[in-house]
Structures are given as C-alpha cells and as structure tokens.
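Student: Input file: coords_38.cif. Contents: mmCIF, C-alpha atoms and all ligand atoms.
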```cif
data_structure
#
loop_
_atom_site.label_atom_id
_atom_site.label_comp_id
_atom_site.auth_asym_id
_atom_site.auth_seq_id
_atom_site.Cartn_x
_atom_site.Cartn_y
_atom_site.Cartn_z
CA MET A 200 0.00 0.00 0.00
CA THR A 201 1.28 3.43 -0.85
CA GLY A 202 0.31 6.79 0.39
CA ARG A 203 0.30 9.49 2.91
CA GLU A 204 2.01 9.47 6.23
CA THR A 205 0.22 11.06 9.14
CA HIS A 206 1.88 11.88 12.43
CA SER A 207 0.38 11.20 15.82
CA PRO A 208 0.55 13.71 18.67
CA ASP A 209 2.12 11.15 21.00
CA PRO A 210 5.31 12.15 22.82
CA PRO A 211 8.47 11.44 20.78
CA SER A 212 9.12 8.16 22.61
CA ARG A 213 5.69 6.86 21.55
CA ARG A 214 5.37 8.56 18.16
CA ARG A 215 3.83 6.33 15.55
CA ILE A 216 3.44 6.92 11.86
CA LEU A 217 0.60 5.16 10.09
CA TYR A 218 1.66 4.21 6.57
CA GLY A 219 -1.01 3.63 4.00
CA ARG A 220 -4.32 5.09 2.95
CA ARG A 221 -7.07 6.20 5.29
CA LYS A 222 -9.53 6.90 2.44
CA GLY A 223 -9.99 5.81 -1.15
CA ARG A 224 -12.78 6.64 -3.55
CA PRO A 225 -15.80 8.50 -2.12
CA LEU A 226 -18.21 6.08 -0.49
CA ARG A 227 -21.52 5.17 -2.15
CA PRO A 228 -24.45 6.71 -0.25
CA THR A 229 -25.51 3.33 1.21
CA ARG A 230 -21.98 2.72 2.52
CA GLN A 231 -21.74 6.27 3.88
CA ALA A 232 -25.08 5.73 5.65
CA LEU A 233 -23.63 2.62 7.35
CA VAL A 234 -20.57 4.59 8.45
CA ASP A 235 -22.89 7.24 9.92
CA ARG A 236 -25.44 4.88 11.48
CA LEU A 237 -23.75 1.56 12.36
CA LEU A 238 -20.11 2.43 12.95
CA PRO A 239 -20.81 4.65 16.02
CA ARG A 240 -22.75 1.72 17.56
CA ILE A 241 -19.96 -0.81 17.17
CA ARG A 242 -16.81 1.35 17.34
CA VAL A 243 -14.66 0.52 20.36
CA PRO A 244 -14.39 3.49 22.73
CA VAL A 245 -10.63 3.92 22.52
CA PRO A 246 -9.17 7.23 21.39
CA GLY A 247 -7.68 7.25 17.91
CA ARG A 248 -4.12 8.23 17.19
CA ASN A 249 -5.02 11.89 16.68
CA GLN A 250 -7.10 12.21 19.83
CA ALA A 251 -5.96 12.94 23.36
CA VAL A 252 -5.10 9.78 25.20
CA ALA A 253 -6.28 9.30 28.77
CA ALA A 254 -3.04 7.97 30.22
CA ALA A 255 -4.90 6.36 33.14
CA GLN A 256 -6.78 4.14 30.70
CA GLU A 257 -3.70 2.79 28.99
CA GLY A 258 -3.07 -0.88 29.53
CA THR A 259 -6.22 -1.35 31.62
CA LEU A 260 -9.21 -1.81 29.32
CA ASP A 261 -10.99 -5.16 29.32
CA PRO A 262 -12.32 -5.53 25.76
CA LEU A 263 -15.13 -7.85 26.93
CA GLN A 264 -16.80 -4.82 28.54
CA TRP A 265 -17.49 -3.46 25.03
CA PHE A 266 -19.81 -6.40 24.42
CA ALA A 267 -21.71 -6.10 27.71
CA GLY A 268 -23.96 -3.14 26.88
CA PRO A 269 -26.96 -2.91 24.54
CA ARG A 270 -26.65 -5.19 21.51
CA PRO A 271 -26.26 -3.35 18.18
CA PHE A 272 -28.75 -5.82 16.65
CA ALA A 273 -31.28 -6.03 19.47
CA SER A 274 -33.54 -8.51 17.66
CA ARG A 275 -30.70 -11.09 17.66
CA PRO A 276 -30.26 -13.24 20.79
CA ALA A 277 -27.81 -12.31 23.54
CA ALA A 278 -24.68 -14.46 23.92
CA ALA A 279 -22.01 -15.08 26.54
CA TYR A 280 -18.47 -14.75 25.21
CA ARG A 281 -15.62 -17.03 26.23
CA ALA A 282 -12.76 -15.02 24.66
CA VAL A 283 -11.85 -11.95 22.63
CA TRP A 284 -10.09 -12.38 19.28
CA LEU A 285 -8.50 -9.53 17.32
CA GLU A 286 -7.87 -9.15 13.58
CA VAL A 287 -5.33 -6.50 12.58
CA GLY A 288 -5.81 -4.96 9.11
CA PHE A 289 -8.99 -6.82 8.11
CA GLY A 290 -9.20 -5.18 4.67
CA ALA A 291 -12.83 -5.49 3.54
CA GLY A 292 -13.65 -7.83 6.44
CA GLU A 293 -14.37 -11.12 4.61
CA HIS A 294 -12.26 -13.23 7.00
CA LEU A 295 -13.31 -11.28 10.11
CA VAL A 296 -17.02 -11.65 9.39
CA ALA A 297 -16.67 -15.34 8.50
CA GLN A 298 -14.88 -15.98 11.81
CA ALA A 299 -17.52 -14.04 13.76
CA GLN A 300 -20.25 -16.13 12.11
CA ALA A 301 -18.39 -19.39 12.81
CA HIS A 302 -17.70 -18.53 16.47
CA PRO A 303 -20.78 -16.92 18.03
CA ASP A 304 -19.27 -17.56 21.49
CA VAL A 305 -16.22 -15.38 20.73
CA ALA A 306 -16.16 -11.57 20.79
CA PHE A 307 -14.26 -10.13 17.81
CA ILE A 308 -12.46 -6.83 17.40
CA GLY A 309 -11.39 -5.81 13.91
CA CYS A 310 -8.82 -3.05 13.36
CA GLU A 311 -8.65 -1.29 10.01
CA PRO A 312 -7.79 2.36 9.39
CA PHE A 313 -8.85 2.35 5.70
CA LEU A 314 -12.38 3.77 5.67
CA ASN A 315 -13.49 2.08 2.45
CA GLY A 316 -12.53 -1.31 3.91
CA VAL A 317 -14.40 -0.51 7.13
CA ALA A 318 -17.50 0.47 5.11
CA ALA A 319 -17.36 -2.82 3.17
CA ALA A 320 -17.11 -4.77 6.44
CA LEU A 321 -20.04 -2.79 7.89
CA ALA A 322 -22.20 -3.92 4.97
CA ARG A 323 -21.42 -7.57 5.84
CA ILE A 324 -21.96 -7.03 9.57
CA ASP A 325 -25.31 -5.32 8.90
CA ARG A 326 -26.37 -8.06 6.47
CA ASP A 327 -25.64 -10.80 9.03
CA GLY A 328 -26.75 -8.89 12.17
CA LEU A 329 -23.52 -9.74 14.03
CA ASN A 330 -23.56 -8.71 17.69
CA ASN A 331 -20.17 -10.27 18.44
CA LEU A 332 -18.05 -7.83 16.43
CA ARG A 333 -16.63 -4.39 17.22
CA ILE A 334 -14.49 -2.13 15.03
CA TYR A 335 -11.46 0.02 15.78
CA ASP A 336 -11.03 2.17 12.68
CA ASP A 337 -7.49 3.22 13.48
CA ASP A 338 -3.96 1.98 14.11
CA ALA A 339 -3.95 -1.40 15.89
CA ARG A 340 -0.83 -0.39 17.81
CA VAL A 341 -2.83 2.32 19.64
CA LEU A 342 -5.56 -0.15 20.57
CA LEU A 343 -3.03 -2.70 21.83
CA ASP A 344 -1.55 -0.14 24.22
CA HIS A 345 -4.97 0.32 25.84
CA LEU A 346 -5.83 -3.33 26.41
CA ALA A 347 -5.45 -5.04 29.76
CA PRO A 348 -2.72 -7.70 29.98
CA GLY A 349 -3.84 -11.13 28.84
CA SER A 350 -7.13 -9.87 27.44
CA LEU A 351 -6.81 -11.34 23.92
CA GLY A 352 -7.36 -15.02 23.21
CA ARG A 353 -6.21 -14.98 19.55
CA VAL A 354 -4.75 -12.45 17.10
CA PHE A 355 -4.77 -12.57 13.29
CA VAL A 356 -2.29 -10.54 11.22
CA LEU A 357 -3.09 -11.77 7.70
CA PHE A 358 -1.24 -10.47 4.66
CA PRO A 359 -0.05 -7.21 6.23
CA ASP A 360 1.33 -4.59 3.84
CA PRO A 361 4.71 -6.22 3.05
CA TRP A 362 6.87 -3.15 2.45
CA PRO A 363 9.55 -5.32 0.78
CA LYS A 364 12.10 -2.55 0.16
CA ALA A 365 14.79 -2.43 2.84
CA ARG A 366 14.39 1.32 3.26
CA HIS A 367 10.72 0.75 4.20
CA ALA A 368 11.44 -1.97 6.77
CA ARG A 369 10.31 0.18 9.67
CA ARG A 370 6.85 0.38 8.08
CA ARG A 371 6.20 -3.34 8.51
CA PHE A 372 3.59 -4.09 11.15
CA ILE A 373 5.57 -6.86 12.84
CA SER A 374 8.44 -5.42 14.86
CA ALA A 375 10.02 -6.04 18.26
CA ALA A 376 7.90 -3.22 19.70
CA THR A 377 4.62 -4.53 18.24
CA LEU A 378 5.44 -8.05 19.43
CA ASP A 379 6.05 -6.69 22.94
CA ALA A 380 2.62 -5.02 22.83
CA LEU A 381 0.97 -8.18 21.49
CA ALA A 382 2.68 -10.37 24.10
CA ARG A 383 1.40 -8.06 26.84
CA ALA A 384 -2.18 -8.06 25.55
CA MET A 385 -2.37 -11.79 24.76
CA ALA A 386 -3.32 -14.53 27.20
CA GLU A 387 -0.98 -17.45 27.84
CA GLY A 388 -1.35 -19.98 25.05
CA ALA A 389 -3.17 -17.50 22.79
CA GLU A 390 -2.31 -17.95 19.12
CA LEU A 391 -0.80 -15.27 16.92
CA ARG A 392 -1.70 -16.22 13.35
CA PHE A 393 0.32 -14.54 10.63
CA ALA A 394 0.22 -15.03 6.86
CA THR A 395 2.05 -13.55 3.92
CA ASP A 396 2.97 -14.32 0.32
CA ASP A 397 5.93 -11.94 0.33
CA PRO A 398 9.33 -13.63 0.97
CA VAL A 399 10.93 -10.50 2.44
CA CYS A 400 8.02 -9.89 4.79
CA LEU A 401 8.09 -13.59 5.77
CA ARG A 402 11.80 -13.61 6.62
CA TRP A 403 11.39 -10.39 8.60
CA ALA A 404 8.38 -11.56 10.62
CA LEU A 405 9.74 -15.06 11.22
CA SER A 406 13.04 -13.73 12.43
CA ALA A 407 11.35 -11.24 14.81
CA LEU A 408 8.98 -13.91 16.15
CA ILE A 409 11.69 -16.52 16.68
CA ARG A 410 13.85 -14.00 18.53
CA HIS A 411 11.00 -12.89 20.79
CA PRO A 412 11.05 -14.70 24.17
CA ASP A 413 7.25 -14.59 24.63
CA PHE A 414 6.30 -16.46 21.45
CA ALA A 415 6.85 -20.10 20.50
CA TRP A 416 6.36 -21.53 17.00
CA ALA A 417 3.71 -24.24 16.94
CA ALA A 418 4.84 -25.77 13.60
CA ARG A 419 5.84 -29.44 13.68
CA SER A 420 6.08 -30.13 9.94
CA PRO A 421 6.18 -28.13 6.66
CA ALA A 422 2.44 -28.72 6.24
CA ASP A 423 1.92 -26.52 9.29
CA TRP A 424 3.24 -23.47 7.48
CA ARG A 425 2.36 -24.36 3.88
CA GLN A 426 -1.33 -24.90 4.59
CA ARG A 427 -3.78 -22.40 5.97
CA PRO A 428 -5.23 -23.55 9.34
CA ALA A 429 -8.37 -25.55 8.56
CA ASP A 430 -10.62 -23.24 10.59
CA GLN A 431 -9.39 -20.10 8.80
CA PRO A 432 -11.11 -19.00 5.58
CA PRO A 433 -8.97 -17.32 2.89
CA THR A 434 -8.69 -13.55 2.82
CA ARG A 435 -9.02 -11.42 -0.29
CA TYR A 436 -5.24 -10.91 -0.44
CA GLU A 437 -4.62 -14.65 -0.18
CA GLN A 438 -6.92 -15.21 -3.14
CA LYS A 439 -5.12 -12.49 -5.11
CA ALA A 440 -1.75 -14.03 -4.25
CA ARG A 441 -2.80 -17.53 -5.34
CA ALA A 442 -4.25 -16.14 -8.58
CA LYS A 443 -0.76 -14.79 -9.33
CA GLY A 444 0.78 -18.20 -8.60
CA ALA A 445 2.28 -17.29 -5.21
CA ALA A 446 2.42 -19.80 -2.35
CA PRO A 447 1.44 -18.06 0.89
CA VAL A 448 2.97 -19.08 4.20
CA PHE A 449 1.01 -19.38 7.46
CA LEU A 450 2.73 -18.98 10.83
CA VAL A 451 1.04 -19.92 14.11
CA PHE A 452 2.91 -18.83 17.23
CA ALA A 453 1.66 -19.34 20.79
CA ARG A 454 2.02 -16.78 23.55
CA ALA A 455 4.39 -18.39 26.08
CA PRO A 456 3.51 -18.75 29.78
CA ARG A 457 3.92 -15.47 31.64
CA THR A 458 6.91 -15.04 33.89
CA ALA A 459 6.68 -13.71 37.45
CA ARG A 460 8.18 -10.44 36.19
CA GLN A 461 5.28 -9.97 33.79
CA GLY A 462 2.76 -10.88 36.57
CA GLY A 463 -0.75 -9.59 37.02
CA ALA A 464 -2.28 -11.25 34.00
CA SER A 465 -4.59 -14.15 34.34
CA ALA A 466 -4.92 -16.39 31.32
CA GLN A 467 -8.38 -16.65 29.89
CA ASN A 468 -9.93 -19.14 27.57
CA THR A 469 -8.53 -18.91 24.12
C1 LIG B 501 -2.47 -5.88 2.28
S1 LIG B 501 -3.92 -5.45 3.15
C2 LIG B 501 -4.56 -7.05 3.64
C3 LIG B 501 -6.00 -7.00 4.02
C4 LIG B 501 -6.57 -8.36 4.52
N1 LIG B 501 -5.91 -8.79 5.73
C5 LIG B 501 -6.47 -9.43 3.47
O1 LIG B 501 -5.65 -10.34 3.64
O2 LIG B 501 -7.23 -9.37 2.47
C6 LIG B 501 -3.25 -4.83 4.70
C7 LIG B 501 -4.26 -4.05 5.52
O3 LIG B 501 -3.67 -3.66 6.77
C8 LIG B 501 -4.15 -2.37 7.10
N2 LIG B 501 -3.20 -1.76 8.05
C9 LIG B 501 -1.99 -1.21 7.77
N3 LIG B 501 -1.41 -0.73 8.88
C10 LIG B 501 -2.28 -1.01 9.91
C11 LIG B 501 -2.24 -0.76 11.31
N4 LIG B 501 -1.18 -0.14 11.89
N5 LIG B 501 -3.29 -1.16 12.07
C12 LIG B 501 -4.35 -1.80 11.49
N6 LIG B 501 -4.43 -2.06 10.17
C13 LIG B 501 -3.40 -1.68 9.39
C14 LIG B 501 -4.23 -1.66 5.77
O4 LIG B 501 -5.11 -0.54 5.81
C15 LIG B 501 -4.72 -2.76 4.85
O5 LIG B 501 -6.13 -2.78 4.73
#
```
Translate the structure described by the file into structure tokens.

Tutor:
Amino acid sequence: MTGRETHSPDPPSRRRILYGRRKGRPLRPTRQALVDRLLPRIRVPVPGRNQAVAAAQEGTLDPLQWFAGPRPFASRPAAAYRAVWLEVGFGAGEHLVAQAQAHPDVAFIGCEPFLNGVAAALARIDRDGLNNLRIYDDDARVLLDHLAPGSLGRVFVLFPDPWPKARHARRRFISAATLDALARAMAEGAELRFATDDPVCLRWALSALIRHPDFAWAARSPADWRQRPADQPPTRYEQKARAKGAAPVFLVFARAPRTARQGGASAQNT
C-alpha cells in the first residue's frame, strides 16, 4: 500500500506513523449511511491516534466490557463470550465476518484504518446482524496499548502490507515493539496467526517472532506453514496471491507462559 504518512501527537518516545491510505474513492451513499449509522454503535471506545489519550486508561481496558452493553442488533439473541479475538488490518472484512459467524461464542475486534474497507465490512456485519463484532477504525498499535494484559485469546495478522524494500522496513507491522505489545495483551497460550505471500516480509516476521522470548512456533512439519489452518477462511489478499501463482505461508505462534516479572495477568480461555 502506498500513500500518505500522518503523524500522531504522541510524545516522541511513543510517536507512531501510520503508513497507508485512510480513504480511497468517495463512499456510495448506502456505505456512507452505514458509516454514519452503524459504525458509532460498534466502534470501540478507545481514542484514535489523533485524539488525546487518557493515560490512566492505557493498559487497563478489558475488551469484553465493550460487548456487555446494549446489543447493536437487538432482535438477535444475547450471547455469553468465552474469549476476545482480534484481527489486525482486516481489509474489507471477509475473513473477520466469517470468523464471527463461525464462532458466536467469541467476541471479535477488527482493526482497520482504511475507511473504504471498514465500510465494506459494515455492509457484511449489517447483512448478518452480528452482535459479536466491534471495530477500531485506526492503528492497531494504539488499541493494543490500551488493552489489559492477557485480554486477547487470539490475534490474526493476515497479509499485512509487506513493504519489501529495505528502506521501508520500519513500516512493517511486525516489529520487536509490536510483538512486545501483542505479548502483553495476549493470554498465555493464545495464538498469533500470521500469513504472507511476500518472501521478504516472511523472513522479517519469522526472524522477529523466533527472537521474541514470549512467542513459540507451533509448527511441527512443513504442512503446518504451507497450509492455511483448517478453521481459517482465505482472505481477499490470499486469493489475489494464489491467482498470481504465489504460495502463501502461514505462521502460528503461541504466547508463552507469563513469567513472574510480567505478573498480574490471568490467562483466559482462548
Ligand atoms: C495488504 S492489506 C490485507 C487485508 C486483509 N488482511 C487481506 O488479507 O485481504 C493490509 C491491511 O492492513 C491495514 N493496516 C496497515 N497498517 C495497519 C495498522 N497499523 N493497524 C491496522 N491495520 C493496518 C491496511 O489498511 C490494509 O487494509
């Protein structure tokens, strides 16, 4: 993805730059209506990167609380949720919505800063009346900093923007800092599922994950990284990659048991 760079007002030590587009073509009126009507009902109440951050809230928010209030689709039955799963960069939401349909006992959060993708996902959520899905239409790194330790039972990072040129390496989503934030927010044993068809992005992510002390690779044989997990439908980018003849790779890492130093976090069901 190419495009503008916008700067956050965070202090220099926390400054993040979001690479990529926030908006594409103007939305059709029906999509704009969904952004106006549905998005405010299912948007997670965490400040975006250009809003003031309540420091006291950082690292404390239990995402399950966002599913406890009135249901966005009141005519659909209430459910009890056993875990919270996050998808980073859901694109147009095909995979996110399919997972939310397949797991009505899991609460889903989808992060996507590209408005046209969010609007496409809203159309699917509205069509299916999904109560178990909330949207953060901003940088996933900001959301991660707000979540309580151990609050995520699974995280998907599927076909992130690869940024294959060496001079763009710092733009890649997977980094030591992001893995620290993910490790903090994930429960013990929670899976981090990553996929890419880009060899540079793969080497980069695999190397960062293997070096990180809080993640362990679950692969036992080549089939474990050559084949998409059976319970994971393909994303739009995977389909594009296969149409071009590429062979995507799927990494499943587990969040390691917490050490005494990390304390305070109770594992939840994953
Ligand atoms: C190459 S697309 C893949 C979309 C989808 N996962 C798929 O496989 O079809 C990468 C997506 O990540 C989003 N993205 C980039 N940086 C992000 C960030 N910091 N937080 C959340 N999403 C991000 C982009 O807007 C884009 O939609």

Student: Which of these residues is nearest to Tyr436 in chain A, using only C-alpha atoms: A:Val283, A:Leu343, A:Ala291, A:Ala232?

Tutor: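 Of all the options, A:Ala291 lies closest to Tyr436 in chain A.
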
Student: Please, what distance in Å, to one decimal, runs between CA of Thr229 in chain A and CA of Arg435 in chain A?

Tutor: 22.2 Å

Student: As number ranges by chain, please: the residues near Glu437 in chain A (cut-off 12 Å, all atoms listed in the file, same-chain neighbours under 4 positions excluded).

Tutor: A: 290, 293-294, 357-359, 393-397, 426-427, 431-433, 441-449

Student: Within 7 Å of ligand LIG 501 (chain B) (counting all atoms listed in the file), which residues show up? I'd like them as a ChimeraX atom specification.

Tutor: /A:200,217-220,287-291,310-313,316,337-340,356-360,372,434-437

Student: Mind writing the picked residues with C-alpha atoms as a PDB file, in the frame of the given file?

Tutor:
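Generated file (selection_36.pdb):
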```
ATOM      1  CA  MET A 200       0.000   0.000   0.000  1.00  0.00           C
ATOM      2  CA  LEU A 217       0.600   5.160  10.090  1.00  0.00           C
ATOM      3  CA  TYR A 218       1.660   4.210   6.570  1.00  0.00           C
ATOM      4  CA  GLY A 219      -1.010   3.630   4.000  1.00  0.00           C
ATOM      5  CA  ARG A 220      -4.320   5.090   2.950  1.00  0.00           C
ATOM      6  CA  VAL A 287      -5.330  -6.500  12.580  1.00  0.00           C
ATOM      7  CA  GLY A 288      -5.810  -4.960   9.110  1.00  0.00           C
ATOM      8  CA  PHE A 289      -8.990  -6.820   8.110  1.00  0.00           C
ATOM      9  CA  GLY A 290      -9.200  -5.180   4.670  1.00  0.00           C
ATOM     10  CA  ALA A 291     -12.830  -5.490   3.540  1.00  0.00           C
ATOM     11  CA  CYS A 310      -8.820  -3.050  13.360  1.00  0.00           C
ATOM     12  CA  GLU A 311      -8.650  -1.290  10.010  1.00  0.00           C
ATOM     13  CA  PRO A 312      -7.790   2.360   9.390  1.00  0.00           C
ATOM     14  CA  PHE A 313      -8.850   2.350   5.700  1.00  0.00           C
ATOM     15  CA  GLY A 316     -12.530  -1.310   3.910  1.00  0.00           C
ATOM     16  CA  ASP A 337      -7.490   3.220  13.480  1.00  0.00           C
ATOM     17  CA  ASP A 338      -3.960   1.980  14.110  1.00  0.00           C
ATOM     18  CA  ALA A 339      -3.950  -1.400  15.890  1.00  0.00           C
ATOM     19  CA  ARG A 340      -0.830  -0.390  17.810  1.00  0.00           C
ATOM     20  CA  VAL A 356      -2.290 -10.540  11.220  1.00  0.00           C
ATOM     21  CA  LEU A 357      -3.090 -11.770   7.700  1.00  0.00           C
ATOM     22  CA  PHE A 358      -1.240 -10.470   4.660  1.00  0.00           C
ATOM     23  CA  PRO A 359      -0.050  -7.210   6.230  1.00  0.00           C
ATOM     24  CA  ASP A 360       1.330  -4.590   3.840  1.00  0.00           C
ATOM     25  CA  PHE A 372       3.590  -4.090  11.150  1.00  0.00           C
ATOM     26  CA  THR A 434      -8.690 -13.550   2.820  1.00  0.00           C
ATOM     27  CA  ARG A 435      -9.020 -11.420  -0.290  1.00  0.00           C
ATOM     28  CA  TYR A 436      -5.240 -10.910  -0.440  1.00  0.00           C
ATOM     29  CA  GLU A 437      -4.620 -14.650  -0.180  1.00  0.00           C
TER      30      GLU A 437
END
```

Student: In Å, with one decimal, what is the gap from CA of Arg333 in chain A to CA of Pro244 in chain A?

Tutor: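 According to the coordinates, CA of Arg333 in chain A and CA of Pro244 in chain A are separated by 9.9 Å.
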
Student: Which distance in Å separates CA of Ala380 in chain A and CA of Leu285 in chain A, to one decimal?

Tutor: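 Answer for the CA of Ala380 in chain A to CA of Leu285 in chain A separation: 13.2 Å.
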
Student: Dump as a PyMOL selection string all residues having an atom at most 8 Å from (0.2, -14.2, 27.8), computed in the file's coordinates with all atoms listed in the file.

Tutor: chain A and resi 348-349+382-389+413+454-457+464+466

Student: Point out the residue among A:Leu378, A:Ala429, A:Leu226, A:Leu450 with the least atom-to-atom distance to Leu405 in chain A, counting only C-alpha atoms.

Tutor: A:Leu450

Student: Within 9 Å of Leu237 in chain A, counting only C-alpha atoms, which residues show up once you throw out same-chain ones fewer than 3 positions away? Write them as an MDAnalysis selection string, please.

Tutor: chainID A and resid 232:234 240:242 271 321 325

Student: May I ask which of the residues A:Ala322, A:Ala267, A:Leu329, A:Ala365 is the closest one to Phe307 in chain A, counting all atoms listed in the file?

Tutor: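 Looking only at the distances to Phe307 in chain A, the closest residue turns out to be A:Leu329.
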